[in-house]
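Data file: start-v2.csv. Format and content: CSV, C-alpha atoms and all ligand atoms.
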chain,number,residue,atom,x,y,z
A,296,MET,CA,102.7,123.5,89.6
A,297,TYR,CA,100.8,122.8,92.9
A,298,ALA,CA,103.9,121.0,94.3
A,299,LYS,CA,106.1,123.8,93.4
A,300,ALA,CA,103.7,126.4,94.9
A,301,ALA,CA,103.4,124.3,98.0
A,302,LYS,CA,107.2,124.2,98.5
A,303,ILE,CA,107.4,128.0,98.1
A,304,ILE,CA,104.7,128.5,100.7
A,305,LYS,CA,106.2,125.9,103.1
A,306,SER,CA,109.7,127.4,102.9
A,307,ALA,CA,108.7,131.0,102.9
A,308,LYS,CA,109.8,133.2,105.8
A,309,ARG,CA,106.7,135.4,105.5
A,310,CYS,CA,103.8,134.6,103.2
A,311,VAL,CA,100.9,137.0,102.6
A,312,ALA,CA,97.6,136.4,100.8
A,313,PHE,CA,96.0,139.1,98.6
A,314,THR,CA,92.4,138.4,97.7
A,315,GLY,CA,89.7,139.9,95.5
A,316,ALA,CA,86.1,139.2,94.7
A,317,GLY,CA,86.9,135.9,93.1
A,318,ILE,CA,87.6,134.1,96.4
A,319,SER,CA,84.0,134.8,97.4
A,320,VAL,CA,82.3,133.7,94.2
A,321,GLU,CA,82.0,130.1,95.4
A,322,SER,CA,80.3,131.4,98.5
A,323,GLY,CA,77.6,132.9,96.3
A,324,ILE,CA,78.8,136.5,96.1
A,325,PRO,CA,79.0,137.7,92.5
A,326,PRO,CA,82.2,139.3,91.3
A,327,PHE,CA,82.3,142.8,89.9
A,328,ARG,CA,83.8,142.0,86.5
A,329,GLY,CA,83.7,139.0,84.2
A,330,GLU,CA,81.1,136.2,84.1
A,331,ASN,CA,78.0,137.2,86.2
A,332,GLY,CA,79.8,140.4,87.1
A,333,LEU,CA,77.8,143.1,89.0
A,334,TRP,CA,79.0,145.7,86.6
A,335,ASN,CA,77.1,143.8,83.8
A,336,LYS,CA,73.9,144.6,85.7
A,337,TYR,CA,74.6,147.8,87.6
A,338,ASP,CA,76.3,151.0,86.6
A,339,PRO,CA,79.5,151.3,88.6
A,340,GLN,CA,78.7,155.0,89.2
A,341,ILE,CA,76.3,153.9,91.9
A,342,PHE,CA,79.5,153.1,93.8
A,343,ASP,CA,80.9,156.6,93.3
A,344,ILE,CA,80.9,158.7,96.5
A,345,GLU,CA,79.3,161.7,94.7
A,346,TYR,CA,76.4,159.5,93.5
A,347,PHE,CA,75.9,158.3,97.1
A,348,TYR,CA,75.7,161.9,98.3
A,349,ASP,CA,73.3,163.0,95.5
A,350,HIS,CA,71.2,159.8,95.3
A,351,THR,CA,71.5,158.4,98.8
A,352,GLN,CA,68.2,156.5,98.8
A,353,HIS,CA,68.9,154.8,95.5
A,354,SER,CA,72.5,154.0,96.3
A,355,TRP,CA,71.4,152.4,99.6
A,356,GLN,CA,68.6,150.4,97.8
A,357,VAL,CA,71.2,148.9,95.4
A,358,LEU,CA,73.7,148.2,98.2
A,359,ARG,CA,71.0,146.5,100.2
A,360,ASP,CA,69.9,144.4,97.2
A,361,ILE,CA,73.4,143.4,96.1
A,362,PHE,CA,75.1,142.9,99.5
A,363,TYR,CA,73.0,143.2,102.6
A,364,ASP,CA,70.2,140.8,101.4
A,365,LEU,CA,73.0,138.3,100.8
A,366,PHE,CA,74.8,139.2,104.0
A,367,GLY,CA,74.4,136.7,106.8
A,368,LYS,CA,73.3,134.1,104.3
A,369,VAL,CA,76.7,133.6,102.6
A,370,LYS,CA,79.3,131.6,104.4
A,371,PRO,CA,83.1,131.3,103.9
A,372,ASN,CA,84.2,128.6,101.5
A,373,ALA,CA,87.1,126.1,101.6
A,374,ALA,CA,89.5,128.7,100.1
A,375,HIS,CA,88.8,131.1,103.0
A,376,TYR,CA,89.2,128.3,105.5
A,377,ALA,CA,92.4,127.2,103.9
A,378,LEU,CA,94.0,130.6,104.4
A,379,ALA,CA,92.8,130.7,108.0
A,380,GLU,CA,94.4,127.2,108.5
A,381,LEU,CA,97.7,128.4,106.9
A,382,GLU,CA,97.7,131.3,109.4
A,383,ALA,CA,97.0,129.0,112.3
A,384,ASP,CA,99.9,126.8,111.1
A,385,LYS,CA,102.2,129.9,111.0
A,386,MET,CA,102.6,129.6,107.2
A,387,LEU,CA,100.6,132.8,106.5
A,388,SER,CA,101.2,136.2,108.2
A,389,ALA,CA,98.2,138.1,106.9
A,390,VAL,CA,95.4,138.4,104.4
A,391,ILE,CA,95.1,141.7,102.5
A,392,THR,CA,91.6,141.7,101.0
A,393,GLN,CA,89.8,144.0,98.7
A,394,ASN,CA,86.6,142.3,99.7
A,395,VAL,CA,84.1,143.9,102.1
A,396,ASP,CA,82.2,140.7,102.9
A,397,HIS,CA,84.0,139.8,106.2
A,398,LEU,CA,84.3,136.2,105.1
A,399,HIS,CA,88.0,135.9,106.0
A,400,TYR,CA,87.2,136.8,109.6
A,401,ASP,CA,84.2,134.5,109.5
A,402,ALA,CA,86.5,131.7,108.4
A,403,GLY,CA,88.8,132.3,111.4
A,404,SER,CA,91.6,134.5,109.9
A,405,LYS,CA,92.9,136.8,112.6
A,406,ILE,CA,95.2,139.2,110.7
A,407,VAL,CA,93.0,140.6,107.9
A,408,HIS,CA,93.7,144.1,106.3
A,409,GLU,CA,90.4,145.2,104.7
A,410,PHE,CA,91.8,147.5,102.1
A,411,HIS,CA,88.3,148.6,101.0
A,412,GLY,CA,86.6,148.6,104.4
A,413,SER,CA,83.8,146.4,105.5
A,414,LEU,CA,80.0,146.1,105.1
A,415,LYS,CA,79.9,145.0,108.7
A,416,THR,CA,79.9,148.5,110.0
A,417,VAL,CA,78.2,151.8,109.0
A,418,ILE,CA,79.4,155.3,109.7
A,419,CYS,CA,77.5,158.6,110.3
A,420,LEU,CA,78.5,161.2,107.7
A,421,LYS,CA,77.8,163.9,110.2
A,422,CYS,CA,79.3,162.9,113.6
A,423,ARG,CA,81.4,159.9,112.4
A,424,ALA,CA,79.7,157.5,114.9
A,425,LYS,CA,80.1,153.9,113.9
A,426,TYR,CA,77.4,151.1,114.2
A,427,LYS,CA,77.4,147.4,113.6
A,428,ILE,CA,75.1,146.7,110.6
A,429,ALA,CA,73.1,144.3,112.9
A,430,GLN,CA,72.0,147.4,114.9
A,431,ILE,CA,70.5,149.1,111.9
A,432,ASP,CA,67.0,148.6,110.4
A,433,LEU,CA,67.5,148.5,106.6
A,434,ASN,CA,63.8,148.8,106.0
A,435,ILE,CA,64.2,152.5,106.4
A,436,LEU,CA,66.6,154.0,103.8
A,437,PRO,CA,68.8,155.8,104.2
A,438,PRO,CA,69.4,154.7,107.8
A,439,LEU,CA,69.9,157.6,110.2
A,440,CYS,CA,72.4,158.0,113.1
A,441,LYS,CA,70.9,157.3,116.5
A,442,LYS,CA,72.9,160.2,118.0
A,443,CYS,CA,72.6,163.1,115.5
A,444,ASP,CA,70.1,161.9,112.8
A,445,GLY,CA,72.9,162.2,110.2
A,446,ILE,CA,72.9,159.8,107.2
A,447,LEU,CA,74.7,156.5,107.7
A,448,LYS,CA,77.0,155.2,105.0
A,449,PRO,CA,78.4,151.6,104.7
A,450,ASP,CA,82.0,151.7,106.0
A,451,VAL,CA,83.3,150.7,102.6
A,452,ILE,CA,85.4,152.7,100.1
A,453,PHE,CA,83.3,154.2,97.3
A,454,PHE,CA,85.1,155.2,94.1
A,455,GLY,CA,86.6,158.6,94.8
A,456,GLU,CA,87.3,157.9,98.5
A,457,ALA,CA,90.6,157.4,100.2
A,458,ILE,CA,91.8,154.0,101.3
A,459,PRO,CA,91.2,153.6,105.0
A,460,GLU,CA,93.9,153.7,107.6
A,461,PRO,CA,95.5,151.7,109.2
A,462,ALA,CA,94.5,149.2,106.5
A,463,GLN,CA,96.5,150.9,103.8
A,464,THR,CA,99.7,151.3,105.8
A,465,ASN,CA,99.5,147.8,107.3
A,466,SER,CA,98.9,146.3,103.9
A,467,PHE,CA,102.0,147.9,102.3
A,468,ASN,CA,104.1,147.1,105.4
A,469,GLU,CA,103.1,143.5,105.3
A,470,THR,CA,103.8,143.4,101.5
A,471,LYS,CA,107.3,144.8,102.0
A,472,LYS,CA,108.2,142.0,104.4
A,473,ALA,CA,106.7,139.2,102.3
A,474,ASP,CA,108.9,136.7,100.4
A,475,CYS,CA,105.8,134.8,99.2
A,476,PHE,CA,102.6,136.3,98.0
A,477,ILE,CA,99.4,134.4,97.1
A,478,LEU,CA,97.1,136.3,94.8
A,479,ILE,CA,93.5,134.9,94.7
A,480,GLY,CA,90.6,136.0,92.5
A,481,THR,CA,91.4,139.5,91.4
A,482,THR,CA,91.5,141.2,88.0
A,483,GLY,CA,94.1,143.8,89.1
A,484,MET,CA,92.2,146.5,87.5
A,485,VAL,CA,91.6,148.8,90.5
A,486,ALA,CA,94.1,151.2,92.0
A,487,PRO,CA,95.7,151.7,94.5
A,488,ALA,CA,95.0,148.0,95.5
A,489,ASN,CA,96.6,146.8,92.3
A,490,LEU,CA,99.9,148.4,93.3
A,491,ILE,CA,100.3,145.9,96.2
A,492,PRO,CA,101.3,142.8,94.1
A,493,SER,CA,103.7,144.9,92.1
A,494,ALA,CA,105.2,146.1,95.4
A,495,ALA,CA,105.6,142.5,96.5
A,496,LYS,CA,107.3,141.7,93.2
A,497,ALA,CA,109.6,144.7,93.7
A,498,ASN,CA,110.6,143.1,97.0
A,499,LYS,CA,111.5,139.9,95.3
A,500,ALA,CA,108.6,137.9,96.7
A,501,LYS,CA,107.5,134.8,94.8
A,502,ILE,CA,104.0,135.4,93.4
A,503,ILE,CA,101.6,132.5,93.2
A,504,GLU,CA,98.3,133.5,91.4
A,505,ILE,CA,95.0,131.5,91.6
A,506,ASN,CA,92.4,132.5,89.0
A,507,PRO,CA,90.4,130.6,86.4
A,508,VAL,CA,91.0,133.5,84.0
A,509,LYS,CA,94.3,135.4,83.3
A,510,SER,CA,94.4,138.8,85.1
A,511,GLU,CA,96.5,142.0,84.7
A,512,TYR,CA,99.1,140.3,87.0
A,513,THR,CA,99.5,137.0,85.1
A,514,GLY,CA,101.9,138.2,82.4
A,515,SER,CA,103.6,140.8,84.6
A,516,VAL,CA,104.2,139.9,88.3
A,517,THR,CA,103.0,136.3,88.6
A,518,ASP,CA,105.6,133.5,89.0
A,519,ILE,CA,103.3,130.5,89.3
A,520,PHE,CA,99.8,130.8,87.6
A,521,ILE,CA,97.3,128.2,88.9
A,522,GLU,CA,94.5,128.5,86.3
A,523,ASP,CA,91.7,127.2,88.6
A,524,LYS,CA,88.9,128.3,90.9
A,525,ALA,CA,89.9,129.2,94.4
A,526,VAL,CA,88.2,126.3,96.2
A,527,HIS,CA,89.7,123.5,94.1
A,528,ALA,CA,93.1,125.2,93.9
A,529,MET,CA,93.4,125.8,97.6
A,530,GLU,CA,92.3,122.2,98.4
A,531,LYS,CA,95.0,120.9,96.1
A,532,LEU,CA,97.6,123.3,97.5
A,533,MET,CA,96.8,122.2,101.1
A,534,GLU,CA,97.1,118.6,100.1
A,535,GLU,CA,100.6,119.2,98.6
A,536,ILE,CA,101.6,121.3,101.7
A,537,ASP,CA,100.6,118.4,103.9
A,538,LYS,CA,102.9,116.1,102.0
A,539,LEU,CA,106.0,118.2,102.8
B,601,LIG,N1,88.0,131.5,92.0
B,601,LIG,C1,89.0,132.4,91.8
B,601,LIG,N2,88.9,133.5,91.0
B,601,LIG,C2,87.7,133.7,90.4
B,601,LIG,C3,86.6,132.8,90.6
B,601,LIG,C4,86.8,131.7,91.4
B,601,LIG,N3,85.8,130.8,91.6
B,601,LIG,N4,85.5,133.3,89.9
B,601,LIG,C5,86.0,134.5,89.3
B,601,LIG,N5,87.3,134.7,89.7
B,601,LIG,C6,88.1,135.8,89.3
B,601,LIG,C7,87.8,136.5,87.9
B,601,LIG,O1,88.5,135.8,86.9
B,601,LIG,C8,88.4,137.9,88.1
B,601,LIG,O2,89.7,137.9,87.8
B,601,LIG,O3,87.9,136.9,90.2
B,601,LIG,C9,88.2,138.1,89.6
B,601,LIG,C10,87.0,139.0,89.9
B,601,LIG,O4,87.3,140.3,89.4
B,601,LIG,P1,86.7,141.6,90.0
B,601,LIG,O5,85.2,141.4,90.1
B,601,LIG,O6,87.2,142.8,89.2
B,601,LIG,O7,87.2,141.6,91.5
B,601,LIG,P2,88.4,142.4,92.1
B,601,LIG,O8,89.6,142.3,91.3
B,601,LIG,O9,88.5,142.0,93.5
B,601,LIG,O10,87.8,144.0,92.1
B,601,LIG,C11,88.6,144.9,92.7
B,601,LIG,O11,87.0,146.6,92.2
B,601,LIG,O12,84.8,147.3,92.0
B,601,LIG,C12,85.9,147.3,92.8
B,601,LIG,O13,86.0,147.7,95.1
B,601,LIG,C13,85.7,146.7,94.1
B,601,LIG,O14,87.2,145.5,95.5
B,601,LIG,C14,86.7,145.6,94.2
B,601,LIG,C15,87.7,146.0,93.2
Represent the structure from my file as structure tokens, please.
Amino acid sequence: MYAKAAKIIKSAKRCVAFTGAGISVESGIPPFRGENGLWNKYDPQIFDIEYFYDHTQHSWQVLRDIFYDLFGKVKPNAAHYALAELEADKMLSAVITQNVDHLHYDAGSKIVHEFHGSLKTVICLKCRAKYKIAQIDLNILPPLCKKCDGILKPDVIFFGEAIPEPAQTNSFNETKKADCFILIGTTGMVAPANLIPSAAKANKAKIIEINPVKSEYTGSVTDIFIEDKAVHAMEKLMEEIDKL
């Protein structure tokens, strides 16, 4: 299974990785669904844009507890680094990620399409000014814009918001050109992100999936299912690729 997947990656003209929360679990960031999932502790409605507008203070408190207190402490893991290495060795063209934790960039990946935005920046709801999160004091919630005193919002996609451009267009364009697609750590339960692997399949890409649990993709688009955690799977895969 690993040897077969390694041959597909090595011989591919254009390989793209598509990642979800599962690739960051071994860095200490809980997933949304499944074992230790955030949705077991928090009501997903907190991540709805209407809730953010109506309960800004509470929404920010939860976001700070879940993500920002972790932020800066969590580091990329071997799976993130393996994808960055494949890109450096010209065996991976891009990463399309649903994650907002910036860990692909931190691991050295250059071409990363953040389909759901990034926690690294915040945006003013009034004047659309953007700030790096490091510039913002999260002891005062909600944080306010330095230019117009408008409320700042994490530059991530809440439920009910449109997917950011150019990430959406770039992601589907990469997918259309891919003849090899590596799915890592995603349930496939959230649209429109979950349309991407199907688009890859429709373009005859070979789909390699890494997940310790079967997902919505496993019985439908996946060609090679590696039932394993991201770190061990990517380490084994890199070993097999090095042998070729
Ligand atoms: N290695 C690989 N995969 C793992 C690991 C691991 N160590 N641990 C868990 N997983 C898998 C789970 O089996 C599951 O399939 O990661 C997936 C996590 O699922 P979700 O939390 O639903 O993550 P994801 O599919 O990325 O969610 C998509 O939903 O809530 C929204 O915007 C949020 O981007 C997120 C989107």
Contacts of Asp432 of chain A at 12 Å (only C-alpha atoms; same-chain gap of 6+ positions) as an mmCIF file with C-alpha atoms, in the coordinates of the input:
data_model
loop_
_atom_site.group_PDB
_atom_site.id
_atom_site.type_symbol
_atom_site.label_atom_id
_atom_site.label_comp_id
_atom_site.auth_asym_id
_atom_site.auth_seq_id
_atom_site.Cartn_x
_atom_site.Cartn_y
_atom_site.Cartn_z
ATOM 1 C CA ARG A 359 71.000 146.500 100.200
ATOM 2 C CA TYR A 363 73.000 143.200 102.600
ATOM 3 C CA VAL A 417 78.200 151.800 109.000
ATOM 4 C CA TYR A 426 77.400 151.100 114.200
ATOM 5 C CA PRO A 438 69.400 154.700 107.800
ATOM 6 C CA LEU A 439 69.900 157.600 110.200
ATOM 7 C CA CYS A 440 72.400 158.000 113.100
ATOM 8 C CA LYS A 441 70.900 157.300 116.500
ATOM 9 C CA LEU A 447 74.700 156.500 107.700
#
### Query
Please, which residues have at least one atom within 7 Å of an atom of ligand LIG 601 (chain B), using all atoms listed in the file, listed as a VMD selection string?
chain A and resid 314 to 318 320 to 321 326 to 329 332 393 to 394 411 479 to 485 505 to 510 523 to 526
### Task
Have a look at A:Cys310, A:Val407, A:Pro461, A:Thr351 and name the one nearest to Asp474 of chain A; count all atoms listed in the file.
A:Cys310
### Query
Of the candidates A:Leu532, A:Ala473, A:Leu539, A:Ala500, which shows the shortest atom-to-atom distance to Ala373 of chain A, using only C-alpha atoms?
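Residue with the minimum atom-to-atom distance to Ala373 of chain A: A:Leu532.
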#### Entry: Within 9 Å of Thr517 of chain A using only C-alpha atoms, minus same-chain residues under 4 positions, as a PyMOL selection string
chain A and resi 478+492+496+501-504+512-513
### Task
Around the point (100.3, 130.2, 105.9) in the file's coordinates, collect all residues with an atom within 9 Å, using only C-alpha atoms, and return them as a PyMOL selection string.
chain A and resi 304-305+307+309-312+377-389
Please list as a compact mmCIF listing (two decimals) with C-alpha atoms, in the coordinates of the input every residue within 6 Å of Ile344 of chain A, counting all atoms listed in the file and excluding residues in the same chain fewer than 6 positions away.
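This went into around_9.txt:
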# COMPACT_ATOMS: atom_id res chain seq x y z
CA PHE A 453 83.30 154.20 97.30
CA PHE A 454 85.10 155.20 94.10
CA GLY A 455 86.60 158.60 94.80
